[in-house]
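Working notes, beginning with the structure itself.
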Amino acid sequence: YKTIPPADSAANIPFDRWRELGTDGVVFGTVQRTGTTFHVEMRLFNIRTRQVALGKQYDGIRLNNPRAAAEKILASLA
């Protein structure tokens with residue numbers, strides 16, 4: 001997987017390269033700072049269909065505790 005270039009947008013995900021590795025899905029995300037908080041978006045793509053299998057977005061994530069924010073995001077995916 002280290003030879004697969006990172007995508008700079010969801011439109012540029014190298015699905016064929018991930019499929020060669022036998023991968024079922026790939027996560028693409030973005031983080032944007034809005035003042036003192038962040039807007040975070042993530043999408044899980046099905047490699048075979050190239051469709052979004054799961055998409056989430058989070059607003060108002062505070063800068064002062066990024067670990068807690070990451071744990072909140074991961075917990076919401078379970």
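Just remember, in the structure tokens the first chain shown is A, the second B, etc., residues are 1-based per chain, and ligands are 1-based in the order shown.
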* Residues within 12 Å of Thr23 (chain A), only C-alpha atoms, excluding chain neighbours under 3 positions, as an NGL selection string -> :A and (1 or 14-20 or 26-27 or 45-48 or 50)
* Nearby residues (only C-alpha atoms) at most 12 Å from Gln32 (chain A), same-chain spacing under 2 positions excluded, as a list in words ->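 Residues meeting the cut-off are Gly29, Thr30, Thr34, Gly35, Thr36, Thr37, Phe38, His39, Val40, Glu41, Met42, Gln57, Tyr58, Asp59, Gly60, Ile61, Arg62 and Leu63 of chain A.
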* State, in Å with one decimal place, the distance from CA of Asp24 (chain A) to CA of Ala70 (chain A). =>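 Taking CA of Asp24 (chain A) as the start and CA of Ala70 (chain A) as the end point, the length is 23.2 Å.
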* **In chain A, DSSP strand (DSSP E) residues written as a ChimeraX atom specification** => /A:25-34,37-46,52-62
Can I get the selection written as a short mmCIF file (atom, residue, chain, number, x, y, z; two decimals), in the first residue's frame, with N, CA and C atoms?
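Output (selection-v7.cif):
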data_model
loop_
_atom_site.label_atom_id
_atom_site.label_comp_id
_atom_site.auth_asym_id
_atom_site.auth_seq_id
_atom_site.Cartn_x
_atom_site.Cartn_y
_atom_site.Cartn_z
N GLY A 25 -12.34 -1.83 1.13
CA GLY A 25 -12.76 -0.44 1.29
C GLY A 25 -11.60 0.47 1.58
N VAL A 26 -11.83 1.75 1.36
CA VAL A 26 -10.82 2.76 1.65
C VAL A 26 -11.53 3.99 2.23
N VAL A 27 -10.89 4.61 3.20
CA VAL A 27 -11.45 5.79 3.85
C VAL A 27 -10.77 7.04 3.30
N PHE A 28 -11.59 8.03 2.96
CA PHE A 28 -11.07 9.33 2.54
C PHE A 28 -11.69 10.38 3.45
N GLY A 29 -10.87 11.29 3.91
CA GLY A 29 -11.39 12.30 4.82
C GLY A 29 -10.79 13.67 4.57
N THR A 30 -11.48 14.68 5.08
CA THR A 30 -10.98 16.04 5.02
C THR A 30 -11.19 16.71 6.37
N VAL A 31 -10.32 17.66 6.65
CA VAL A 31 -10.42 18.45 7.88
C VAL A 31 -10.26 19.91 7.49
N GLN A 32 -11.21 20.74 7.94
CA GLN A 32 -11.13 22.18 7.67
C GLN A 32 -11.27 22.93 8.97
N ARG A 33 -10.38 23.88 9.16
CA ARG A 33 -10.44 24.72 10.35
C ARG A 33 -11.44 25.84 10.12
N THR A 34 -12.31 26.04 11.10
CA THR A 34 -13.29 27.12 11.06
C THR A 34 -13.20 27.89 12.37
N THR A 37 -12.58 25.89 15.82
CA THR A 37 -13.06 24.51 15.73
C THR A 37 -12.72 23.94 14.35
N PHE A 38 -13.01 22.65 14.21
CA PHE A 38 -12.77 21.97 12.94
C PHE A 38 -14.06 21.36 12.40
N HIS A 39 -14.12 21.28 11.08
CA HIS A 39 -15.17 20.54 10.38
C HIS A 39 -14.46 19.32 9.79
N VAL A 40 -14.92 18.13 10.17
CA VAL A 40 -14.29 16.89 9.72
C VAL A 40 -15.31 16.08 8.93
N GLU A 41 -14.88 15.60 7.77
CA GLU A 41 -15.72 14.72 6.94
C GLU A 41 -14.93 13.45 6.64
N MET A 42 -15.62 12.32 6.67
CA MET A 42 -15.00 11.07 6.27
C MET A 42 -15.99 10.27 5.45
N ARG A 43 -15.44 9.53 4.50
CA ARG A 43 -16.26 8.64 3.67
C ARG A 43 -15.53 7.32 3.50
N LEU A 44 -16.27 6.25 3.69
CA LEU A 44 -15.77 4.90 3.44
C LEU A 44 -16.28 4.47 2.08
N PHE A 45 -15.38 4.19 1.17
CA PHE A 45 -15.76 3.77 -0.18
C PHE A 45 -15.62 2.28 -0.35
N ASN A 46 -16.59 1.66 -1.01
CA ASN A 46 -16.51 0.27 -1.43
C ASN A 46 -15.60 0.25 -2.66
N VAL A 52 -19.94 5.33 -2.01
CA VAL A 52 -19.80 5.59 -0.58
C VAL A 52 -20.63 4.57 0.19
N ALA A 53 -19.98 3.83 1.07
CA ALA A 53 -20.67 2.86 1.92
C ALA A 53 -21.09 3.49 3.24
N LEU A 54 -20.33 4.49 3.68
CA LEU A 54 -20.62 5.19 4.92
C LEU A 54 -20.01 6.58 4.83
N GLY A 55 -20.77 7.56 5.23
CA GLY A 55 -20.26 8.93 5.25
C GLY A 55 -20.69 9.63 6.52
N LYS A 56 -19.76 10.35 7.13
CA LYS A 56 -20.05 11.08 8.36
C LYS A 56 -19.39 12.44 8.28
N GLN A 57 -20.00 13.40 8.99
CA GLN A 57 -19.35 14.70 9.14
C GLN A 57 -19.58 15.20 10.55
N TYR A 58 -18.61 15.96 11.01
CA TYR A 58 -18.62 16.45 12.37
C TYR A 58 -18.26 17.93 12.34
N ASP A 59 -19.03 18.73 13.03
CA ASP A 59 -18.78 20.15 13.12
C ASP A 59 -18.52 20.53 14.57
N GLY A 60 -17.74 21.59 14.76
CA GLY A 60 -17.52 22.11 16.09
C GLY A 60 -16.52 21.34 16.93
N ILE A 61 -15.64 20.58 16.29
CA ILE A 61 -14.63 19.85 17.04
C ILE A 61 -13.60 20.86 17.53
N ARG A 62 -13.37 20.86 18.82
CA ARG A 62 -12.49 21.86 19.46
C ARG A 62 -11.02 21.50 19.31
#
* Computed interatomic separation between CA of Ser9 (chain A) and CA of Ala68 (chain A) (Å) ->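 Between CA of Ser9 (chain A) and CA of Ala68 (chain A) the gap is 26.0 Å.
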* Å distance separating CA of Asn12 (chain A) from CA of Thr49 (chain A), one decimal place ->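 Rounded to one decimal, the two atoms are 14.9 Å apart.
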* Asked: Taking the backbone alone, and naming residues the way the document does, which bits of chain A are helix (DSSP H, G or I) by DSSP, as number ranges by chain?
  -> A: 10-12, 15-20, 66-77
For the selection just defined, write its residues with N, CA, C and O atoms to a file, as a JSON list (two decimals), in the first residue's frame.
[["chain", "number", "residue", "atom", "x", "y", "z"],
["A", 10, "ALA", "N", -11.73, 12.99, -3.28],
["A", 10, "ALA", "CA", -12.44, 11.71, -3.43],
["A", 10, "ALA", "C", -12.50, 11.29, -4.90],
["A", 10, "ALA", "O", -12.52, 10.10, -5.20],
["A", 11, "ALA", "N", -12.49, 12.25, -5.79],
["A", 11, "ALA", "CA", -12.53, 11.95, -7.23],
["A", 11, "ALA", "C", -11.24, 11.32, -7.72],
["A", 11, "ALA", "O", -11.22, 10.70, -8.79],
["A", 12, "ASN", "N", -10.15, 11.47, -6.95],
["A", 12, "ASN", "CA", -8.85, 10.96, -7.38],
["A", 12, "ASN", "C", -8.38, 9.73, -6.62],
["A", 12, "ASN", "O", -7.20, 9.42, -6.64],
["A", 15, "PHE", "N", -8.80, 3.64, -7.12],
["A", 15, "PHE", "CA", -9.54, 2.42, -6.79],
["A", 15, "PHE", "C", -8.89, 1.17, -7.37],
["A", 15, "PHE", "O", -8.83, 0.13, -6.71],
["A", 16, "ASP", "N", -8.42, 1.25, -8.62],
["A", 16, "ASP", "CA", -7.83, 0.07, -9.26],
["A", 16, "ASP", "C", -6.61, -0.43, -8.50],
["A", 16, "ASP", "O", -6.42, -1.63, -8.36],
["A", 17, "ARG", "N", -5.79, 0.49, -8.03],
["A", 17, "ARG", "CA", -4.59, 0.11, -7.28],
["A", 17, "ARG", "C", -4.97, -0.55, -5.96],
["A", 17, "ARG", "O", -4.36, -1.53, -5.55],
["A", 18, "TRP", "N", -5.98, -0.02, -5.28],
["A", 18, "TRP", "CA", -6.42, -0.62, -4.02],
["A", 18, "TRP", "C", -7.04, -1.99, -4.27],
["A", 18, "TRP", "O", -6.84, -2.92, -3.49],
["A", 19, "ARG", "N", -7.75, -2.12, -5.37],
["A", 19, "ARG", "CA", -8.37, -3.42, -5.69],
["A", 19, "ARG", "C", -7.32, -4.49, -5.96],
["A", 19, "ARG", "O", -7.50, -5.66, -5.61],
["A", 20, "GLU", "N", -6.21, -4.09, -6.58],
["A", 20, "GLU", "CA", -5.11, -5.04, -6.84],
["A", 20, "GLU", "C", -4.59, -5.66, -5.55],
["A", 20, "GLU", "O", -4.11, -6.80, -5.55],
["A", 66, "PRO", "N", -7.90, 17.27, 20.66],
["A", 66, "PRO", "CA", -8.09, 16.49, 19.43],
["A", 66, "PRO", "C", -8.23, 14.99, 19.68],
["A", 66, "PRO", "O", -8.92, 14.31, 18.95],
["A", 67, "ARG", "N", -7.60, 14.48, 20.74],
["A", 67, "ARG", "CA", -7.72, 13.04, 21.04],
["A", 67, "ARG", "C", -9.16, 12.68, 21.37],
["A", 67, "ARG", "O", -9.69, 11.68, 20.89],
["A", 68, "ALA", "N", -9.81, 13.49, 22.20],
["A", 68, "ALA", "CA", -11.21, 13.23, 22.55],
["A", 68, "ALA", "C", -12.09, 13.30, 21.31],
["A", 68, "ALA", "O", -13.01, 12.50, 21.14],
["A", 69, "ALA", "N", -11.79, 14.23, 20.43],
["A", 69, "ALA", "CA", -12.55, 14.33, 19.18],
["A", 69, "ALA", "C", -12.38, 13.09, 18.32],
["A", 69, "ALA", "O", -13.34, 12.54, 17.79],
["A", 70, "ALA", "N", -11.14, 12.61, 18.22],
["A", 70, "ALA", "CA", -10.87, 11.40, 17.44],
["A", 70, "ALA", "C", -11.59, 10.19, 18.03],
["A", 70, "ALA", "O", -12.16, 9.38, 17.31],
["A", 71, "GLU", "N", -11.59, 10.09, 19.34],
["A", 71, "GLU", "CA", -12.30, 8.98, 20.02],
["A", 71, "GLU", "C", -13.79, 9.06, 19.77],
["A", 71, "GLU", "O", -14.45, 8.04, 19.57],
["A", 72, "LYS", "N", -14.36, 10.27, 19.79],
["A", 72, "LYS", "CA", -15.78, 10.46, 19.52],
["A", 72, "LYS", "C", -16.12, 10.00, 18.10],
["A", 72, "LYS", "O", -17.11, 9.31, 17.87],
["A", 73, "ILE", "N", -15.28, 10.39, 17.15],
["A", 73, "ILE", "CA", -15.51, 10.00, 15.76],
["A", 73, "ILE", "C", -15.44, 8.49, 15.61],
["A", 73, "ILE", "O", -16.31, 7.87, 14.99],
["A", 74, "LEU", "N", -14.42, 7.87, 16.17],
["A", 74, "LEU", "CA", -14.28, 6.42, 16.06],
["A", 74, "LEU", "C", -15.43, 5.68, 16.73],
["A", 74, "LEU", "O", -15.93, 4.69, 16.22],
["A", 75, "ALA", "N", -15.88, 6.18, 17.87],
["A", 75, "ALA", "CA", -17.00, 5.56, 18.59],
["A", 75, "ALA", "C", -18.28, 5.63, 17.77],
["A", 75, "ALA", "O", -19.10, 4.71, 17.79],
["A", 76, "SER", "N", -18.46, 6.70, 17.02],
["A", 76, "SER", "CA", -19.69, 6.84, 16.22],
["A", 76, "SER", "C", -19.71, 5.89, 15.03],
["A", 76, "SER", "O", -20.76, 5.64, 14.45],
["A", 77, "LEU", "N", -18.57, 5.36, 14.66],
["A", 77, "LEU", "CA", -18.49, 4.43, 13.53],
["A", 77, "LEU", "C", -18.77, 3.00, 13.94],
["A", 77, "LEU", "O", -19.06, 2.17, 13.11]]
